[in-house]
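*Asks:* Data file input.cif (mmCIF, C-alpha atoms (C1' of nucleotides)) is appended below.
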data_work
loop_
_atom_site.label_atom_id
_atom_site.label_comp_id
_atom_site.auth_asym_id
_atom_site.auth_seq_id
_atom_site.Cartn_x
_atom_site.Cartn_y
_atom_site.Cartn_z
CA MET E 129 -38.07 54.82 63.91
CA ASN E 130 -36.37 57.27 61.56
CA PRO E 131 -36.27 56.79 57.78
CA ALA E 132 -32.78 55.32 57.73
CA GLU E 133 -33.71 52.74 60.32
CA ARG E 134 -36.83 51.83 58.44
CA GLU E 135 -34.80 51.32 55.30
CA ASN E 136 -32.44 48.99 57.12
CA ASP E 137 -35.41 47.11 58.41
CA ASP E 138 -37.00 46.81 54.98
CA ALA E 139 -33.71 45.61 53.55
CA ALA E 140 -33.33 42.99 56.25
CA ARG E 141 -36.85 41.71 55.62
CA ALA E 142 -36.29 41.53 51.87
CA ALA E 143 -33.00 39.70 52.30
CA ASP E 144 -34.65 37.18 54.58
CA SER E 145 -37.58 36.32 52.36
CA ARG E 146 -38.40 32.73 51.53
CA LEU E 147 -38.24 33.30 47.78
CA VAL E 148 -34.82 34.87 47.90
CA GLN E 149 -33.47 31.96 49.89
CA ASP E 150 -35.04 29.29 47.71
CA PHE E 151 -33.91 30.87 44.52
CA GLY E 152 -30.41 31.29 45.86
CA LEU E 153 -30.37 27.63 46.72
CA LEU E 154 -31.24 26.62 43.18
CA ILE E 155 -28.46 28.71 41.71
CA LYS E 156 -25.95 27.56 44.28
CA ALA E 157 -26.75 23.87 43.94
CA ALA E 158 -26.56 24.04 40.16
CA THR E 159 -23.30 25.97 40.22
CA ARG E 160 -21.63 23.58 42.65
CA LEU E 161 -22.87 20.59 40.70
CA GLU E 162 -21.51 21.93 37.47
CA GLN E 163 -18.15 22.75 39.02
CA ARG E 164 -17.94 19.26 40.43
CA ILE E 165 -18.63 17.69 37.04
CA ASP E 166 -16.29 20.06 35.28
CA THR E 167 -13.26 19.37 37.44
CA ALA E 168 -13.90 15.62 37.32
CA LEU E 169 -14.11 15.64 33.53
CA ARG E 170 -11.05 17.85 33.15
CA LYS E 171 -8.99 15.72 35.47
CA GLU E 172 -9.96 12.32 34.11
CA CYS E 173 -10.81 12.99 30.48
CA GLU E 174 -9.31 16.36 29.56
CA VAL E 175 -12.61 17.87 28.47
CA SER E 176 -14.58 20.70 30.00
CA HIS E 177 -18.18 20.28 30.98
CA THR E 178 -19.21 22.57 28.12
CA MET E 179 -17.34 20.44 25.60
CA PHE E 180 -19.05 17.40 27.05
CA GLU E 181 -22.42 19.03 26.49
CA VAL E 182 -21.49 19.58 22.86
CA LEU E 183 -20.44 15.96 22.45
CA ILE E 184 -23.76 14.80 23.89
CA ARG E 185 -25.61 16.58 21.10
CA LEU E 186 -23.27 15.32 18.40
CA CYS E 187 -23.32 11.70 19.48
CA ARG E 188 -27.01 11.38 20.21
CA ARG E 189 -28.00 10.80 16.61
CA PRO E 190 -25.02 10.62 14.30
CA ASP E 191 -27.07 11.28 11.17
CA GLU E 192 -28.61 14.50 12.47
CA GLU E 193 -27.19 17.73 11.05
CA ILE E 194 -26.09 20.06 13.84
CA SER E 195 -25.06 23.63 13.09
CA GLN E 196 -23.14 26.00 15.32
CA ARG E 197 -26.27 28.12 15.57
CA LEU E 198 -28.24 25.20 16.98
CA LEU E 199 -25.53 24.41 19.51
CA ALA E 200 -25.35 28.03 20.62
CA ASP E 201 -29.07 28.20 21.29
CA ASP E 202 -29.08 24.87 23.06
CA LEU E 203 -26.15 25.64 25.34
CA THR E 204 -27.22 29.25 25.90
CA LEU E 205 -24.04 30.64 24.40
CA THR E 206 -23.62 33.51 21.96
CA SER E 207 -22.54 32.75 18.42
CA SER E 208 -19.06 34.05 19.15
CA GLY E 209 -18.88 31.87 22.24
CA ILE E 210 -19.67 28.82 20.14
CA THR E 211 -17.16 29.80 17.48
CA ARG E 212 -14.39 29.84 20.07
CA LEU E 213 -15.55 26.68 21.79
CA ILE E 214 -15.62 24.77 18.51
CA ASP E 215 -12.20 26.25 17.68
CA ARG E 216 -10.77 24.65 20.80
CA MET E 217 -12.58 21.38 20.27
CA GLU E 218 -11.39 21.22 16.67
CA GLY E 219 -7.87 21.93 17.88
CA ALA E 220 -8.17 19.05 20.33
CA GLY E 221 -9.34 16.76 17.54
CA LEU E 222 -12.72 16.10 19.12
CA VAL E 223 -14.80 17.61 16.40
CA ARG E 224 -14.81 18.55 12.71
CA ARG E 225 -16.37 21.50 10.87
CA VAL E 226 -18.30 20.71 7.70
CA PRO E 227 -19.93 23.21 5.35
CA ALA E 228 -23.71 22.93 5.47
CA PRO E 229 -25.06 21.55 2.20
CA GLY E 230 -28.17 23.72 2.00
CA ASP E 231 -26.88 27.03 3.37
CA ARG E 232 -23.45 28.43 2.70
CA ARG E 233 -23.57 30.71 5.75
CA SER E 234 -23.97 27.82 8.13
CA VAL E 235 -21.36 25.43 9.49
CA LEU E 236 -22.17 21.93 10.63
CA VAL E 237 -20.25 20.22 13.41
CA GLU E 238 -19.65 16.52 13.76
CA ALA E 239 -17.77 14.36 16.24
CA THR E 240 -14.57 12.66 15.14
CA ASP E 241 -13.77 9.06 16.11
CA HIS E 242 -11.53 10.43 18.82
CA GLY E 243 -14.34 12.69 19.98
CA ARG E 244 -16.70 9.76 20.32
CA ALA E 245 -14.10 7.73 22.20
CA VAL E 246 -13.50 10.58 24.63
CA PHE E 247 -17.22 11.04 25.02
CA LEU E 248 -17.65 7.40 25.99
CA ARG E 249 -15.05 7.65 28.74
CA ALA E 250 -16.43 10.97 29.90
CA ALA E 251 -19.95 9.60 30.04
CA THR E 252 -19.01 7.06 32.70
CA VAL E 253 -17.36 9.74 34.83
CA HIS E 254 -20.38 11.96 34.30
CA ALA E 255 -22.73 9.15 35.33
CA GLN E 256 -20.83 8.54 38.55
CA VAL E 257 -20.96 12.15 39.67
CA VAL E 258 -24.58 12.58 38.66
CA GLU E 259 -25.56 9.41 40.46
CA ARG E 260 -23.81 10.48 43.62
CA TYR E 261 -24.79 14.13 43.91
CA PHE E 262 -28.00 14.37 41.94
CA VAL E 263 -29.83 11.05 42.11
CA ALA E 264 -28.77 9.67 45.48
CA PRO E 265 -29.57 12.74 47.63
CA VAL E 266 -33.06 13.11 46.19
CA ALA E 267 -35.82 10.82 47.43
CA ARG E 268 -37.18 8.58 44.72
CA ALA E 269 -40.63 10.17 44.98
CA ASP E 270 -39.23 13.69 44.60
CA TYR E 271 -37.07 12.97 41.60
CA ALA E 272 -39.87 12.91 39.06
CA ARG E 273 -41.36 16.09 40.51
CA LEU E 274 -38.00 17.77 40.46
CA THR E 275 -37.32 17.08 36.82
CA HIS E 276 -40.88 17.96 35.88
CA ALA E 277 -40.59 21.28 37.69
CA LEU E 278 -37.30 22.03 35.96
CA GLY E 279 -38.91 21.28 32.62
CA GLU E 280 -41.68 23.77 33.34
CA ILE E 281 -39.20 26.42 34.35
CA ASP E 282 -37.21 25.86 31.21
CA LYS E 283 -40.35 26.07 29.12
CA ALA E 284 -41.38 29.36 30.73
CA LEU E 285 -37.94 30.77 30.02
CA ARG E 286 -37.92 29.64 26.43
CA ASP E 287 -41.35 31.01 25.62
CA THR E 288 -40.32 34.62 26.17
CA MET S 89 -21.52 -4.92 13.51
CA ASN S 90 -17.86 -3.87 13.45
CA PRO S 91 -16.08 -2.26 16.41
CA ALA S 92 -16.45 1.31 15.13
CA GLU S 93 -20.16 0.86 14.62
CA ARG S 94 -20.55 -0.56 18.07
CA GLU S 95 -18.76 2.43 19.51
CA ASN S 96 -21.10 4.79 17.72
CA ASP S 97 -23.99 2.83 19.08
CA ASP S 98 -22.68 2.90 22.63
CA ALA S 99 -22.11 6.61 22.36
CA ALA S 100 -25.62 7.21 21.06
CA ARG S 101 -27.08 5.21 23.93
CA ALA S 102 -25.04 7.06 26.52
CA ALA S 103 -25.99 10.44 25.07
CA ASP S 104 -29.64 9.48 25.16
CA SER S 105 -29.77 8.30 28.75
CA ARG S 106 -32.38 9.66 31.10
CA LEU S 107 -29.83 10.85 33.66
CA VAL S 108 -27.85 12.81 31.12
CA GLN S 109 -30.98 14.57 29.93
CA ASP S 110 -32.28 15.33 33.41
CA PHE S 111 -29.00 16.65 34.62
CA GLY S 112 -28.59 18.77 31.53
CA LEU S 113 -32.01 20.22 32.17
CA LEU S 114 -31.06 21.26 35.69
CA ILE S 115 -27.96 23.04 34.52
CA LYS S 116 -29.69 24.69 31.62
CA ALA S 117 -32.68 25.92 33.63
CA ALA S 118 -30.42 27.34 36.33
CA THR S 119 -28.16 29.03 33.80
CA ARG S 120 -31.02 30.63 31.91
CA LEU S 121 -32.64 31.73 35.14
CA GLU S 122 -29.47 33.36 36.35
CA GLN S 123 -28.90 35.12 33.03
CA ARG S 124 -32.44 36.44 33.10
CA ILE S 125 -32.02 37.86 36.60
CA ASP S 126 -28.60 39.23 35.79
CA THR S 127 -29.66 41.21 32.75
CA ALA S 128 -32.76 42.52 34.52
CA LEU S 129 -30.71 43.70 37.50
CA ARG S 130 -28.03 45.24 35.32
CA LYS S 131 -30.54 47.08 33.20
CA GLU S 132 -32.75 48.40 35.97
CA CYS S 133 -30.42 48.71 38.95
CA GLU S 134 -26.86 48.64 37.63
CA VAL S 135 -25.80 45.67 39.70
CA SER S 136 -24.82 42.19 38.61
CA HIS S 137 -26.52 39.12 40.02
CA THR S 138 -23.35 38.25 41.92
CA MET S 139 -23.26 41.67 43.55
CA PHE S 140 -26.88 41.24 44.49
CA GLU S 141 -26.04 37.95 46.19
CA VAL S 142 -23.40 39.75 48.21
CA LEU S 143 -25.85 42.45 49.24
CA ILE S 144 -28.33 39.83 50.40
CA ARG S 145 -25.80 38.53 52.88
CA LEU S 146 -24.81 41.97 54.08
CA CYS S 147 -28.33 43.25 54.58
CA ARG S 148 -29.83 40.18 56.18
CA ARG S 149 -28.60 40.99 59.66
CA PRO S 150 -26.75 44.28 59.82
CA ASP S 151 -24.98 43.46 63.09
CA GLU S 152 -23.46 40.23 61.80
CA GLU S 153 -19.78 40.36 60.92
CA ILE S 154 -19.18 39.10 57.39
CA SER S 155 -15.67 38.51 56.10
CA GLN S 156 -14.53 38.10 52.52
CA ARG S 157 -13.69 34.51 53.32
CA LEU S 158 -17.27 33.82 54.38
CA LEU S 159 -18.64 35.43 51.25
CA ALA S 160 -16.28 33.46 49.04
CA ASP S 161 -17.39 30.15 50.55
CA ASP S 162 -21.04 31.07 50.38
CA LEU S 163 -20.96 32.22 46.77
CA THR S 164 -18.60 29.44 45.64
CA LEU S 165 -15.93 31.86 44.53
CA THR S 166 -12.20 31.72 45.13
CA SER S 167 -10.64 34.24 47.47
CA SER S 168 -9.18 36.14 44.55
CA GLY S 169 -12.56 36.20 42.88
CA ILE S 170 -14.06 37.81 45.98
CA THR S 171 -11.24 40.32 46.26
CA ARG S 172 -11.98 41.56 42.77
CA LEU S 173 -15.73 41.53 43.21
CA ILE S 174 -15.50 43.57 46.41
CA ASP S 175 -13.07 45.89 44.63
CA ARG S 176 -15.72 46.67 42.04
CA MET S 177 -18.49 46.98 44.60
CA GLU S 178 -16.39 49.32 46.69
CA GLY S 179 -15.64 51.35 43.59
CA ALA S 180 -19.38 51.61 42.93
CA GLY S 181 -19.95 52.76 46.51
CA LEU S 182 -22.14 49.79 47.41
CA VAL S 183 -19.89 48.40 50.09
CA ARG S 184 -17.15 49.28 52.52
CA ARG S 185 -14.12 47.29 53.74
CA VAL S 186 -13.47 47.28 57.47
CA PRO S 187 -10.55 45.62 59.26
CA ALA S 188 -11.72 42.72 61.37
CA PRO S 189 -11.37 43.50 65.05
CA GLY S 190 -10.25 40.05 66.18
CA ASP S 191 -8.04 39.01 63.28
CA ARG S 192 -5.78 41.34 61.36
CA ARG S 193 -5.59 39.01 58.35
CA SER S 194 -9.30 39.17 57.77
CA VAL S 195 -11.37 41.92 56.14
CA LEU S 196 -15.00 42.54 56.98
CA VAL S 197 -17.44 43.87 54.43
CA GLU S 198 -20.47 45.99 55.15
CA ALA S 199 -23.13 47.62 53.00
CA THR S 200 -23.16 51.39 52.67
CA ASP S 201 -26.40 53.39 52.77
CA HIS S 202 -26.27 53.56 49.03
CA GLY S 203 -25.72 49.80 48.89
CA ARG S 204 -28.82 49.19 50.98
CA ALA S 205 -30.88 51.54 48.85
CA VAL S 206 -29.77 49.79 45.67
CA PHE S 207 -30.47 46.44 47.27
CA LEU S 208 -34.03 47.48 48.07
CA ARG S 209 -34.74 48.45 44.49
CA ALA S 210 -33.01 45.35 43.19
CA ALA S 211 -35.00 43.13 45.51
CA THR S 212 -38.28 44.11 43.90
CA VAL S 213 -36.91 43.40 40.43
CA HIS S 214 -35.53 40.11 41.69
CA ALA S 215 -38.90 39.18 43.21
CA GLN S 216 -40.72 39.84 39.95
CA VAL S 217 -38.43 37.64 37.90
CA VAL S 218 -38.37 34.87 40.49
CA GLU S 219 -42.12 34.94 40.80
CA ARG S 220 -42.59 34.70 37.09
CA TYR S 221 -40.03 32.09 36.09
CA PHE S 222 -39.50 30.09 39.25
CA VAL S 223 -42.69 30.13 41.32
CA ALA S 224 -45.38 30.43 38.67
CA PRO S 225 -44.27 27.58 36.39
CA VAL S 226 -43.98 25.10 39.23
CA ALA S 227 -47.13 23.51 40.59
CA ARG S 228 -47.80 24.42 44.20
CA ALA S 229 -47.42 20.81 45.34
CA ASP S 230 -44.06 20.45 43.59
CA TYR S 231 -42.51 23.60 44.96
CA ALA S 232 -41.82 22.29 48.45
CA ARG S 233 -40.39 19.06 47.03
CA LEU S 234 -38.24 20.97 44.63
CA THR S 235 -36.64 23.15 47.26
CA HIS S 236 -36.23 20.22 49.59
CA ALA S 237 -34.50 18.22 46.89
CA LEU S 238 -32.19 21.13 46.12
CA GLY S 239 -31.32 21.39 49.78
CA GLU S 240 -30.37 17.73 49.87
CA ILE S 241 -28.20 18.10 46.80
CA ASP S 242 -26.48 21.10 48.28
CA LYS S 243 -25.88 19.21 51.51
CA ALA S 244 -24.35 16.26 49.68
CA LEU S 245 -22.04 18.63 47.82
CA ARG S 246 -20.99 20.46 50.93
CA ASP S 247 -20.21 17.35 52.92
CA THR S 248 -17.38 16.31 50.62
"C1'" DA O 11 -35.35 41.03 -10.77
"C1'" DA O 12 -33.56 44.26 -7.42
"C1'" DT O 13 -33.14 45.79 -3.18
"C1'" DC O 14 -33.48 45.82 1.74
"C1'" DA O 15 -33.68 43.14 5.92
"C1'" DA O 16 -32.37 39.16 8.52
"C1'" DT O 17 -29.30 35.39 9.60
"C1'" DT O 18 -24.72 32.95 10.08
"C1'" DG O 19 -20.18 32.77 11.67
"C1'" DC O 20 -15.97 35.39 12.76
"C1'" DT O 21 -12.83 38.93 14.94
"C1'" DG O 22 -11.00 42.64 18.30
"C1'" DA O 23 -11.60 44.46 22.75
"C1'" DG O 24 -13.14 43.95 27.31
"C1'" DC O 25 -14.95 41.69 31.58
"C1'" DA O 26 -15.32 38.44 35.40
"C1'" DG O 27 -13.65 34.77 36.99
"C1'" DT O 28 -9.56 31.04 37.86
"C1'" DC O 29 -4.82 29.40 39.37
"C1'" DA O 30 -0.28 30.00 41.38
"C1'" DA O 31 2.67 32.64 44.08
"C1'" DT O 32 3.33 36.11 47.84
"C1'" DG O 33 3.26 38.63 52.37
"C1'" DA O 34 1.05 39.18 56.58
"C1'" DT O 35 -0.94 37.22 60.42
"C1'" DT O 36 -2.50 33.54 63.51
"C1'" DC O 37 -2.63 28.77 65.32
"C1'" DC O 38 -0.53 24.69 67.15
"C1'" DC O 39 2.86 21.97 69.37
"C1'" DT O 40 6.59 20.69 72.10
"C1'" DA N 150 8.81 31.03 73.94
"C1'" DG N 151 9.69 29.85 69.44
"C1'" DG N 152 9.24 27.75 64.88
"C1'" DG N 153 6.53 25.47 61.33
"C1'" DA N 154 2.02 24.92 59.30
"C1'" DA N 155 -2.29 26.93 58.22
"C1'" DT N 156 -5.27 30.87 56.94
"C1'" DC N 157 -6.46 35.42 54.87
"C1'" DA N 158 -6.27 38.79 51.25
"C1'" DT N 159 -3.88 40.44 47.22
"C1'" DT N 160 -1.55 40.42 42.69
"C1'" DG N 161 0.00 38.84 37.83
"C1'" DA N 162 -0.89 35.90 34.09
"C1'" DC N 163 -4.33 33.41 31.94
"C1'" DT N 164 -9.13 31.49 30.32
"C1'" DG N 165 -13.61 31.50 28.54
"C1'" DC N 166 -16.99 33.94 27.79
"C1'" DT N 167 -19.69 38.57 26.12
"C1'" DC N 168 -20.60 42.61 23.19
"C1'" DA N 169 -20.17 45.37 19.07
"C1'" DG N 170 -19.11 45.45 14.53
"C1'" DC N 171 -18.11 42.90 10.12
"C1'" DA N 172 -18.58 40.28 5.59
"C1'" DA N 173 -20.97 36.73 3.31
"C1'" DT N 174 -25.12 34.66 2.24
"C1'" DT N 175 -30.11 34.09 2.24
"C1'" DG N 176 -35.10 35.54 2.57
"C1'" DA N 177 -38.83 38.73 1.76
"C1'" DT N 178 -41.12 42.55 -0.69
"C1'" DT N 179 -42.27 44.98 -4.26
#
I need this file expressed as structure tokens, please.
*Replies:*
Amino acid sequence: MNPAERENDDAARAADSRLVQDFGLLIKAATRLEQRIDTALRKECEVSHTMFEVLIRLCRRPDEEISQRLLADDLTLTSSGITRLIDRMEGAGLVRRVPAPGDRRSVLVEATDHGRAVFLRAATVHAQVVERYFVAPVARADYARLTHALGEIDKALRDT
Amino acid sequence: MNPAERENDDAARAADSRLVQDFGLLIKAATRLEQRIDTALRKECEVSHTMFEVLIRLCRRPDEEISQRLLADDLTLTSSGITRLIDRMEGAGLVRRVPAPGDRRSVLVEATDHGRAVFLRAATVHAQVVERYFVAPVARADYARLTHALGEIDKALRDT
DNA sequence: AATCAATTGCTGAGCAGTCAATGATTCCCT
DNA sequence: AGGGAATCATTGACTGCTCAGCAATTGATT
């Protein structure tokens, strides 16, 4: 077997490995799931999935102060990404910018009444899709393991 | 409790629900994982994660005919997305377009020697990151369940 | 107290994808 | 055989992000 043939062979083996397949599956499943949610939310509630994720944080505890910085870290966006996202959400009347009392560099974000109303409608759509494509396909016994595993992965990623 | 207060309360409850959290975790973990891989591959091998996913398919079985259409479906991209991706990969010399023998509408894609060489280097980088952030954090017993669950989710998404 | 470093949000330029429309080919049906 | 519908790849116009650089503010050190 000449060197070129061996290289082909090595490549084929690497491409066929268990790990590569499994990892690919995780990415693919997550991507498809997010696309599904996103189109459903856009069609029925005129919000993107990303905007929905912002509204989740803002509605969870209305008294909590949430800065753009915090949102960026939590959604894995850059600060400029968040600036533009909040721009659009403000333009759509979902959200309001408020200067942070303790730090004049920072900008707090809070949901408007309209934002909360949209969030409530979106949450039911969200729940339907999640129920159908995330909860239903997974055996009851596996669900807890799945979420636990995801938590560990997230932790490992955050720690470095 | 007046109507506005009730709405706030409903919103807070919805934002706090188990399902919302769990689902958010899946998306976040997958996103972070993909970003991690992507930057590692870009830095050390000058390929994006998406390009790497293409190379996996092309190297797995060198005799197999792979069209742009097939790639698009498999990577959940649109046909125009694939056209542009293959444009860039062709420009980088990783890949070659070949007219499909049986169907003159279709275009087959195959890896060049350079593409296979890059893939081999990228695969070791990929394996390191996957090992560290995907395999290591998940308990041995959970791993099989996790991949099985992901497979079921993917199946549910594909069937509709 | 003064300075230097770090953090926060914003802007211009660029990149990687989408959507809608198009031309070329193939499939299906009668 | 012929005509309409479907399928494939491509392009132009757009979107939503990133990156690099900025000004304003804050923190840390001496």
*Asks:* Can you check which residues of chain E have any atom within 9 Å of chain O? Use all atoms listed in the file and format it as a PDB file with C-alpha atoms, keeping the file's coordinate frame.
*Replies:*
ATOM      1  CA  GLN E 196     -23.140  26.000  15.320  1.00  0.00           C
ATOM      2  CA  ARG E 197     -26.270  28.120  15.570  1.00  0.00           C
ATOM      3  CA  SER E 207     -22.540  32.750  18.420  1.00  0.00           C
ATOM      4  CA  SER E 208     -19.060  34.050  19.150  1.00  0.00           C
ATOM      5  CA  THR E 211     -17.160  29.800  17.480  1.00  0.00           C
ATOM      6  CA  ARG E 232     -23.450  28.430   2.700  1.00  0.00           C
ATOM      7  CA  ARG E 233     -23.570  30.710   5.750  1.00  0.00           C
ATOM      8  CA  SER E 234     -23.970  27.820   8.130  1.00  0.00           C
ATOM      9  CA  VAL E 235     -21.360  25.430   9.490  1.00  0.00           C
TER      10      VAL E 235
END
*Asks:* To one decimal in Å, tell me the separation between CA of Leu236 (chain E) and CA of Asp201 (chain E).
*Replies:*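 Rounded to one decimal, the two atoms are 14.2 Å apart.
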*Asks:* Please produce chain S as a compact mmCIF listing (two decimals) with C-alpha atoms, in the coordinates of the input once it has been superposed on chain E, the fit using all Cα atoms paired in sequence order.
*Replies:*
# COMPACT_ATOMS: atom_id res chain seq x y z
CA MET S 89 -37.98 54.68 64.08
CA ASN S 90 -36.27 57.15 61.74
CA PRO S 91 -36.19 56.76 57.95
CA ALA S 92 -32.70 55.23 57.84
CA GLU S 93 -33.63 52.64 60.42
CA ARG S 94 -36.75 51.76 58.54
CA GLU S 95 -34.73 51.27 55.39
CA ASN S 96 -32.38 48.91 57.18
CA ASP S 97 -35.37 47.03 58.44
CA ASP S 98 -36.96 46.77 55.02
CA ALA S 99 -33.69 45.57 53.58
CA ALA S 100 -33.30 42.93 56.27
CA ARG S 101 -36.82 41.67 55.62
CA ALA S 102 -36.28 41.51 51.88
CA ALA S 103 -32.98 39.67 52.28
CA ASP S 104 -34.64 37.15 54.56
CA SER S 105 -37.59 36.32 52.34
CA ARG S 106 -38.38 32.73 51.51
CA LEU S 107 -38.24 33.30 47.75
CA VAL S 108 -34.82 34.88 47.88
CA GLN S 109 -33.46 31.95 49.86
CA ASP S 110 -35.06 29.30 47.67
CA PHE S 111 -33.91 30.88 44.49
CA GLY S 112 -30.42 31.32 45.83
CA LEU S 113 -30.38 27.65 46.70
CA LEU S 114 -31.26 26.66 43.15
CA ILE S 115 -28.48 28.73 41.70
CA LYS S 116 -25.95 27.60 44.24
CA ALA S 117 -26.75 23.89 43.92
CA ALA S 118 -26.57 24.07 40.13
CA THR S 119 -23.31 25.99 40.20
CA ARG S 120 -21.64 23.62 42.62
CA LEU S 121 -22.89 20.63 40.67
CA GLU S 122 -21.52 21.98 37.44
CA GLN S 123 -18.16 22.80 39.00
CA ARG S 124 -17.94 19.30 40.41
CA ILE S 125 -18.62 17.71 37.03
CA ASP S 126 -16.29 20.10 35.27
CA THR S 127 -13.28 19.40 37.44
CA ALA S 128 -13.90 15.65 37.33
CA LEU S 129 -14.12 15.68 33.53
CA ARG S 130 -11.07 17.89 33.16
CA LYS S 131 -9.00 15.76 35.47
CA GLU S 132 -9.96 12.36 34.12
CA CYS S 133 -10.81 13.02 30.48
CA GLU S 134 -9.33 16.39 29.55
CA VAL S 135 -12.62 17.91 28.47
CA SER S 136 -14.59 20.73 30.01
CA HIS S 137 -18.23 20.31 30.98
CA THR S 138 -19.24 22.59 28.12
CA MET S 139 -17.37 20.46 25.61
CA PHE S 140 -19.05 17.41 27.04
CA GLU S 141 -22.44 19.03 26.47
CA VAL S 142 -21.50 19.58 22.86
CA LEU S 143 -20.45 15.96 22.45
CA ILE S 144 -23.76 14.79 23.87
CA ARG S 145 -25.59 16.55 21.08
CA LEU S 146 -23.25 15.29 18.40
CA CYS S 147 -23.30 11.67 19.49
CA ARG S 148 -26.99 11.34 20.20
CA ARG S 149 -27.96 10.70 16.61
CA PRO S 150 -24.98 10.58 14.29
CA ASP S 151 -27.03 11.21 11.15
CA GLU S 152 -28.57 14.43 12.45
CA GLU S 153 -27.15 17.64 11.05
CA ILE S 154 -26.09 19.99 13.84
CA SER S 155 -25.05 23.56 13.10
CA GLN S 156 -23.16 25.95 15.33
CA ARG S 157 -26.30 28.04 15.55
CA LEU S 158 -28.25 25.10 16.96
CA LEU S 159 -25.55 24.36 19.50
CA ALA S 160 -25.39 27.99 20.58
CA ASP S 161 -29.13 28.12 21.24
CA ASP S 162 -29.13 24.81 23.04
CA LEU S 163 -26.21 25.62 25.31
CA THR S 164 -27.29 29.24 25.87
CA LEU S 165 -24.12 30.64 24.37
CA THR S 166 -23.71 33.50 21.93
CA SER S 167 -22.61 32.72 18.40
CA SER S 168 -19.15 34.04 19.12
CA GLY S 169 -18.96 31.90 22.21
CA ILE S 170 -19.70 28.81 20.12
CA THR S 171 -17.19 29.80 17.46
CA ARG S 172 -14.45 29.87 20.05
CA LEU S 173 -15.57 26.71 21.79
CA ILE S 174 -15.63 24.78 18.51
CA ASP S 175 -12.24 26.27 17.69
CA ARG S 176 -10.79 24.70 20.82
CA MET S 177 -12.58 21.41 20.29
CA GLU S 178 -11.36 21.24 16.72
CA GLY S 179 -7.86 22.00 17.93
CA ALA S 180 -8.14 19.10 20.38
CA GLY S 181 -9.31 16.81 17.58
CA LEU S 182 -12.69 16.13 19.16
CA VAL S 183 -14.77 17.64 16.40
CA ARG S 184 -14.76 18.56 12.75
CA ARG S 185 -16.34 21.50 10.88
CA VAL S 186 -18.25 20.69 7.71
CA PRO S 187 -19.90 23.18 5.36
CA ALA S 188 -23.65 22.85 5.45
CA PRO S 189 -24.96 21.44 2.19
CA GLY S 190 -28.10 23.57 1.97
CA ASP S 191 -26.85 26.88 3.32
CA ARG S 192 -23.40 28.29 2.69
CA ARG S 193 -23.58 30.62 5.70
CA SER S 194 -23.98 27.77 8.11
CA VAL S 195 -21.35 25.39 9.49
CA LEU S 196 -22.14 21.87 10.62
CA VAL S 197 -20.23 20.20 13.41
CA GLU S 198 -19.61 16.50 13.77
CA ALA S 199 -17.73 14.36 16.26
CA THR S 200 -14.52 12.67 15.17
CA ASP S 201 -13.71 9.08 16.16
CA HIS S 202 -11.49 10.45 18.85
CA GLY S 203 -14.31 12.72 20.00
CA ARG S 204 -16.66 9.76 20.34
CA ALA S 205 -14.07 7.76 22.24
CA VAL S 206 -13.48 10.62 24.66
CA PHE S 207 -17.21 11.07 25.04
CA LEU S 208 -17.63 7.42 26.01
CA ARG S 209 -15.05 7.68 28.76
CA ALA S 210 -16.43 11.00 29.90
CA ALA S 211 -19.95 9.62 30.04
CA THR S 212 -19.02 7.09 32.70
CA VAL S 213 -17.38 9.78 34.83
CA HIS S 214 -20.40 11.99 34.30
CA ALA S 215 -22.75 9.17 35.33
CA GLN S 216 -20.85 8.57 38.56
CA VAL S 217 -20.97 12.19 39.64
CA VAL S 218 -24.61 12.62 38.64
CA GLU S 219 -25.58 9.45 40.44
CA ARG S 220 -23.85 10.52 43.59
CA TYR S 221 -24.81 14.17 43.88
CA PHE S 222 -28.03 14.41 41.92
CA VAL S 223 -29.86 11.08 42.09
CA ALA S 224 -28.78 9.73 45.46
CA PRO S 225 -29.57 12.79 47.59
CA VAL S 226 -33.06 13.17 46.18
CA ALA S 227 -35.80 10.90 47.45
CA ARG S 228 -37.20 8.64 44.76
CA ALA S 229 -40.65 10.24 44.99
CA ASP S 230 -39.21 13.74 44.60
CA TYR S 231 -37.07 13.01 41.58
CA ALA S 232 -39.88 12.93 39.04
CA ARG S 233 -41.38 16.12 40.49
CA LEU S 234 -38.03 17.81 40.44
CA THR S 235 -37.35 17.12 36.79
CA HIS S 236 -40.90 18.00 35.86
CA ALA S 237 -40.63 21.31 37.67
CA LEU S 238 -37.34 22.07 35.94
CA GLY S 239 -38.94 21.33 32.60
CA GLU S 240 -41.71 23.79 33.33
CA ILE S 241 -39.24 26.47 34.33
CA ASP S 242 -37.24 25.90 31.19
CA LYS S 243 -40.40 26.12 29.10
CA ALA S 244 -41.42 29.40 30.70
CA LEU S 245 -37.96 30.80 29.99
CA ARG S 246 -37.96 29.67 26.41
CA ASP S 247 -41.37 31.05 25.59
CA THR S 248 -40.30 34.65 26.15
*Asks:* Mind pulling up the distance from CA of Leu143 (chain S) to CA of Gly152 (chain E)?
*Replies:*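 Taking CA of Gly152 (chain E) as the start and CA of Leu143 (chain S) as the end point, the length is 12.5 Å.
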*Asks:* Between C1' of DG165 (chain N) and CA of Met217 (chain E), what is the distance, to one decimal in Å?
*Replies:*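 Those two atoms sit 13.1 Å apart.
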*Asks:* Using all atoms listed in the file, select each residue of chain E with any atom at most 8 Å away from an atom of chain S, and give the selection as JSON, numbers by chain.
*Replies:* {"E": [135, 136, 138, 139, 140, 141, 142, 143, 144, 147, 148, 150, 151, 152, 153, 154, 155, 156, 157, 158, 159, 160, 161, 162, 181, 184, 185, 187, 188, 189, 190, 203, 204, 244, 245, 247, 248, 251, 255, 258, 261, 262, 265, 266, 267, 270, 271, 273, 274, 275, 277, 278, 279, 280, 281, 282, 284, 285]}
